[in-house]
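Since the structure comes first, as structure tokens, the remarks are kept for the end.
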Amino acid sequence: MTQKQSANESYSPLSIVSHWLAAILVIALFFTHEGERGSASAIFHVSGGAIAGLFLLWRVWHRVRRGMTASPKQAAVFNIASKIVMWGFLTAIVVVVLTGYFLPWSRGAPLDMFGLFSIPSPMGANRPFHEFVEEVHDIAGHLFVPLLVLHILGAAKHAFINRDGIASRMFRPQRGGL
């Protein structure tokens with residue numbers, strides 16, 4: 001590997017910071033999703049999730065807009081798996097965020113923001129739609145677990161087996177990177 005990677009093989013400082021912030025937010029939201037109604041955990045999950053959702057949607061847009069890094073030289077199956085995991089993460093983020101907004105709204109309830117204000121529902125209560133949205137939100141949210149495991153295994157493969165610098169590029173920002 002060369003000392004300085006080309007732009008399509010590296011990440012910008014903004015991409016790296018947003019990657020790690022998104023990871024922290026997704027993990028925090030995952031671990032607070034079972035909080036009892038009214039608990040600090042549930043309030044963070046709903047209200048914090050609503051705010052984090054705006055950032056996460058921006059993160060997906062930013063990643064898609066900036067493009068993807070060049071595929072490393074490895075067996076095609078690993079590059080295909082990498083793309084599936086990455087697109088799985090991006091899709092799961094969009095689905096979880098959008099269904100998260102619709103969970104209270106599909107009950108005809110406003111989206112409460114830490115008890116400070118609320119965002120009114122754009123729709124009336126619709127129980128079948130609410131149950132559908134709830135199921136999709138739950139399934140998409142739980143998809144993060146296997147995707148994260150595969151993502152970490154892929155990073156570990158590049159760091160410890162291939163030793164090709166692919167994993168370390170998430171720690172070394174490069175101006176002009178993706």
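Residue numbering restarts at 1 for every chain of the structure tokens, chains are lettered A, B, ... in their displayed order, and ligands are numbered from 1 as they appear.
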Write out as JSON lines a residue-level contact list of region 43-139 of chain A versus region 13-17 of chain A with cut-off 10 Å: for each qualifying residue the closest pair of atoms and the distance in Å to one decimal, counting only C-alpha atoms, rows sorted by chain and residue number upward.
```
{"residue": "A:Arg59", "atom": "CA", "partner": "A:Ser15", "partner_atom": "CA", "distance": 8.4}
{"residue": "A:His62", "atom": "CA", "partner": "A:Ser15", "partner_atom": "CA", "distance": 8.1}
{"residue": "A:Arg63", "atom": "CA", "partner": "A:Ser15", "partner_atom": "CA", "distance": 7.7}
{"residue": "A:Arg66", "atom": "CA", "partner": "A:Ser15", "partner_atom": "CA", "distance": 9.1}
```
Selection above as a file: all heavy atoms, as a PDB file, in the first residue's frame:
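Okay, part.pdb is ready:
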```pdb
ATOM      1  N   ARG A  59     -26.411  11.348   6.744  1.00  0.00           N
ATOM      2  CA  ARG A  59     -25.245  10.459   6.613  1.00  0.00           C
ATOM      3  C   ARG A  59     -25.403   9.528   5.410  1.00  0.00           C
ATOM      4  O   ARG A  59     -24.475   9.343   4.621  1.00  0.00           O
ATOM      5  CB  ARG A  59     -25.066   9.654   7.897  1.00  0.00           C
ATOM      6  CG  ARG A  59     -24.113   8.496   7.813  1.00  0.00           C
ATOM      7  CD  ARG A  59     -22.661   8.926   7.775  1.00  0.00           C
ATOM      8  NE  ARG A  59     -21.808   7.752   7.741  1.00  0.00           N
ATOM      9  CZ  ARG A  59     -20.849   7.561   6.855  1.00  0.00           C
ATOM     10  NH1 ARG A  59     -20.585   8.462   5.947  1.00  0.00           N
ATOM     11  NH2 ARG A  59     -20.122   6.472   6.871  1.00  0.00           N
ATOM     12  N   HIS A  62     -25.114  11.636   2.281  1.00  0.00           N
ATOM     13  CA  HIS A  62     -23.716  12.021   2.092  1.00  0.00           C
ATOM     14  C   HIS A  62     -22.902  10.858   1.523  1.00  0.00           C
ATOM     15  O   HIS A  62     -22.113  11.044   0.597  1.00  0.00           O
ATOM     16  CB  HIS A  62     -23.123  12.488   3.431  1.00  0.00           C
ATOM     17  CG  HIS A  62     -21.670  12.811   3.383  1.00  0.00           C
ATOM     18  ND1 HIS A  62     -21.183  13.946   2.792  1.00  0.00           N
ATOM     19  CD2 HIS A  62     -20.583  12.137   3.855  1.00  0.00           C
ATOM     20  CE1 HIS A  62     -19.860  13.972   2.899  1.00  0.00           C
ATOM     21  NE2 HIS A  62     -19.477  12.877   3.540  1.00  0.00           N
ATOM     22  N   ARG A  63     -23.083   9.671   2.068  1.00  0.00           N
ATOM     23  CA  ARG A  63     -22.327   8.498   1.610  1.00  0.00           C
ATOM     24  C   ARG A  63     -22.674   8.183   0.159  1.00  0.00           C
ATOM     25  O   ARG A  63     -21.798   7.932  -0.662  1.00  0.00           O
ATOM     26  CB  ARG A  63     -22.629   7.292   2.514  1.00  0.00           C
ATOM     27  CG  ARG A  63     -22.062   5.979   2.081  1.00  0.00           C
ATOM     28  CD  ARG A  63     -20.552   5.820   1.907  1.00  0.00           C
ATOM     29  NE  ARG A  63     -19.705   6.708   2.642  1.00  0.00           N
ATOM     30  CZ  ARG A  63     -18.747   7.495   2.078  1.00  0.00           C
ATOM     31  NH1 ARG A  63     -18.518   7.473   0.796  1.00  0.00           N
ATOM     32  NH2 ARG A  63     -18.020   8.282   2.810  1.00  0.00           N
ATOM     33  N   ARG A  66     -21.281  11.035  -2.161  1.00  0.00           N
ATOM     34  CA  ARG A  66     -19.819  11.039  -2.290  1.00  0.00           C
ATOM     35  C   ARG A  66     -19.303   9.820  -3.036  1.00  0.00           C
ATOM     36  O   ARG A  66     -18.188   9.827  -3.533  1.00  0.00           O
ATOM     37  CB  ARG A  66     -19.158  11.101  -0.905  1.00  0.00           C
ATOM     38  CG  ARG A  66     -19.405  12.360  -0.117  1.00  0.00           C
ATOM     39  CD  ARG A  66     -18.740  13.554  -0.713  1.00  0.00           C
ATOM     40  NE  ARG A  66     -17.297  13.391  -0.715  1.00  0.00           N
ATOM     41  CZ  ARG A  66     -16.440  14.291  -0.314  1.00  0.00           C
ATOM     42  NH1 ARG A  66     -16.876  15.434   0.130  1.00  0.00           N
ATOM     43  NH2 ARG A  66     -15.155  14.055  -0.358  1.00  0.00           N
TER      44      ARG A  66
END
```
Worksheet entry | DSSP-assigned strand (DSSP E) members of region 65-135 of chain A, reported as a PyMOL selection string | chain A and resi 111-113+117-119
Item to complete: Would you please extract all helix (DSSP H, G or I) residues from chain A, as assigned by DSSP on the backbone, and give them as a PyMOL selection string?
Response: chain A and resi 7-9+13-31+40-66+76-105+127-142+144-162+167-170
Discussion item. What's around region 18-24 of chain A at 12 Å? Count only C-alpha atoms, leave out sequence neighbours fewer than 4 positions away in its own chain, and write the answer as an NGL selection string.
Written reply: :A and (11-14 or 28-31 or 49 or 52-63 or 86 or 89-90 or 93 or 144-145 or 147-148 or 151-152 or 169-171 or 173 or 178)
Worksheet item: Hey, what's within 10 Å of Glu135 (chain A) if we count only C-alpha atoms and toss same-chain stuff fewer than 6 positions away? As a ChimeraX atom specification, please?
Response: /A:99,129,141
Worksheet item: Near Asp112 (chain A), counting only C-alpha atoms, which residues have an atom at most 9 Å away, once you skip same-chain residues fewer than 4 positions from it, shown as a list in words?
Response: Ile43, Val46, Ser47, Pro104, Leu116, Phe117, Ser118, Ile119 and Pro120 of chain A
Write out as a PDB file with N, CA, C and O atoms, in the first residue's frame the residues lying within 10 Å of Glu131 (chain A), counting only C-alpha atoms and excluding same-chain residues fewer than 6 positions away.
```
ATOM      1  N   LEU A 103     -44.098   5.662  13.784  1.00  0.00           N
ATOM      2  CA  LEU A 103     -44.666   4.874  14.888  1.00  0.00           C
ATOM      3  C   LEU A 103     -45.687   5.667  15.710  1.00  0.00           C
ATOM      4  O   LEU A 103     -46.818   5.213  15.869  1.00  0.00           O
ATOM      5  N   SER A 106     -48.694   6.977  13.287  1.00  0.00           N
ATOM      6  CA  SER A 106     -49.677   5.993  12.820  1.00  0.00           C
ATOM      7  C   SER A 106     -50.681   5.636  13.925  1.00  0.00           C
ATOM      8  O   SER A 106     -51.695   5.009  13.649  1.00  0.00           O
ATOM      9  N   ARG A 107     -50.391   6.048  15.151  1.00  0.00           N
ATOM     10  CA  ARG A 107     -51.368   5.933  16.240  1.00  0.00           C
ATOM     11  C   ARG A 107     -52.203   7.201  16.343  1.00  0.00           C
ATOM     12  O   ARG A 107     -53.049   7.329  17.214  1.00  0.00           O
ATOM     13  N   HIS A 137     -40.034  -1.656  11.573  1.00  0.00           N
ATOM     14  CA  HIS A 137     -39.057  -0.949  12.410  1.00  0.00           C
ATOM     15  C   HIS A 137     -38.249  -1.952  13.234  1.00  0.00           C
ATOM     16  O   HIS A 137     -37.019  -1.857  13.310  1.00  0.00           O
TER      17      HIS A 137
END
```
Practice prompt. May I ask for the distance between CA of Gly124 (chain A) and CA of Phe102 (chain A), given in Å to one decimal place?
Written response: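 Taking CA of Gly124 (chain A) as the start and CA of Phe102 (chain A) as the end point, the length is 11.1 Å.
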Practice prompt. Tell me, as a PyMOL selection string, which residues lie within 12 Å of region 158-162 of chain A, counting only C-alpha atoms; anything in the same chain fewer than 4 positions away does not count.
Written response: chain A and resi 1+72-75+78-79+82+151-154+166-170
Go ahead and save the picked residues with N, CA and C atoms, as a PDB file, in the first residue's frame.
```
ATOM      1  N   MET A   1       0.845  -1.182   0.000  1.00  0.00           N
ATOM      2  CA  MET A   1       0.000   0.000   0.000  1.00  0.00           C
ATOM      3  C   MET A   1       0.888   1.242   0.000  1.00  0.00           C
ATOM      4  N   PRO A  72     -11.236  -3.353  -2.922  1.00  0.00           N
ATOM      5  CA  PRO A  72      -9.860  -3.828  -2.784  1.00  0.00           C
ATOM      6  C   PRO A  72      -9.619  -5.064  -3.644  1.00  0.00           C
ATOM      7  N   LYS A  73      -8.350  -5.352  -3.866  1.00  0.00           N
ATOM      8  CA  LYS A  73      -7.985  -6.554  -4.626  1.00  0.00           C
ATOM      9  C   LYS A  73      -8.135  -7.751  -3.689  1.00  0.00           C
ATOM     10  N   GLN A  74      -9.222  -8.483  -3.886  1.00  0.00           N
ATOM     11  CA  GLN A  74      -9.517  -9.673  -3.094  1.00  0.00           C
ATOM     12  C   GLN A  74     -10.525 -10.493  -3.881  1.00  0.00           C
ATOM     13  N   ALA A  75     -10.834 -11.666  -3.404  1.00  0.00           N
ATOM     14  CA  ALA A  75     -11.810 -12.529  -4.077  1.00  0.00           C
ATOM     15  C   ALA A  75     -13.130 -11.780  -4.246  1.00  0.00           C
ATOM     16  N   PHE A  78     -15.819 -11.579  -1.502  1.00  0.00           N
ATOM     17  CA  PHE A  78     -15.633 -10.636  -0.390  1.00  0.00           C
ATOM     18  C   PHE A  78     -16.097  -9.233  -0.772  1.00  0.00           C
ATOM     19  N   ASN A  79     -15.846  -8.842  -2.019  1.00  0.00           N
ATOM     20  CA  ASN A  79     -16.312  -7.527  -2.466  1.00  0.00           C
ATOM     21  C   ASN A  79     -17.834  -7.489  -2.558  1.00  0.00           C
ATOM     22  N   SER A  82     -19.113  -7.293   0.984  1.00  0.00           N
ATOM     23  CA  SER A  82     -18.884  -5.943   1.493  1.00  0.00           C
ATOM     24  C   SER A  82     -19.967  -4.982   1.011  1.00  0.00           C
ATOM     25  N   HIS A 151     -19.501  -6.623   9.359  1.00  0.00           N
ATOM     26  CA  HIS A 151     -18.660  -5.447   9.145  1.00  0.00           C
ATOM     27  C   HIS A 151     -17.369  -5.556   9.961  1.00  0.00           C
ATOM     28  N   ILE A 152     -17.495  -5.933  11.212  1.00  0.00           N
ATOM     29  CA  ILE A 152     -16.321  -6.087  12.082  1.00  0.00           C
ATOM     30  C   ILE A 152     -15.434  -7.235  11.601  1.00  0.00           C
ATOM     31  N   LEU A 153     -16.052  -8.340  11.193  1.00  0.00           N
ATOM     32  CA  LEU A 153     -15.261  -9.461  10.668  1.00  0.00           C
ATOM     33  C   LEU A 153     -14.494  -9.049   9.405  1.00  0.00           C
ATOM     34  N   GLY A 154     -15.137  -8.282   8.554  1.00  0.00           N
ATOM     35  CA  GLY A 154     -14.460  -7.800   7.343  1.00  0.00           C
ATOM     36  C   GLY A 154     -13.300  -6.879   7.683  1.00  0.00           C
ATOM     37  N   ILE A 166      -6.836  -1.382   4.502  1.00  0.00           N
ATOM     38  CA  ILE A 166      -8.244  -1.061   4.264  1.00  0.00           C
ATOM     39  C   ILE A 166      -8.935  -0.672   5.578  1.00  0.00           C
ATOM     40  N   ALA A 167      -8.714  -1.444   6.627  1.00  0.00           N
ATOM     41  CA  ALA A 167      -9.370  -1.156   7.906  1.00  0.00           C
ATOM     42  C   ALA A 167      -8.862   0.141   8.515  1.00  0.00           C
ATOM     43  N   SER A 168      -7.605   0.439   8.355  1.00  0.00           N
ATOM     44  CA  SER A 168      -7.031   1.624   8.996  1.00  0.00           C
ATOM     45  C   SER A 168      -7.459   2.932   8.345  1.00  0.00           C
ATOM     46  N   ARG A 169      -7.999   2.879   7.136  1.00  0.00           N
ATOM     47  CA  ARG A 169      -8.387   4.138   6.488  1.00  0.00           C
ATOM     48  C   ARG A 169      -9.546   4.826   7.213  1.00  0.00           C
ATOM     49  N   MET A 170     -10.257   4.108   8.086  1.00  0.00           N
ATOM     50  CA  MET A 170     -11.332   4.719   8.861  1.00  0.00           C
ATOM     51  C   MET A 170     -10.775   5.474  10.072  1.00  0.00           C
TER      52      MET A 170
END
```
Worksheet item: Suppose you want the space between CA of Ile27 (chain A) and CA of Leu143 (chain A); what is it in Å?
Response: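 Between CA of Ile27 (chain A) and CA of Leu143 (chain A) the gap works out to 12.1 Å.
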Fill in: Point-to-point distance from CA of Ala50 (chain A) to CA of Leu111 (chain A), Å rounded to tenths
8.3 Å
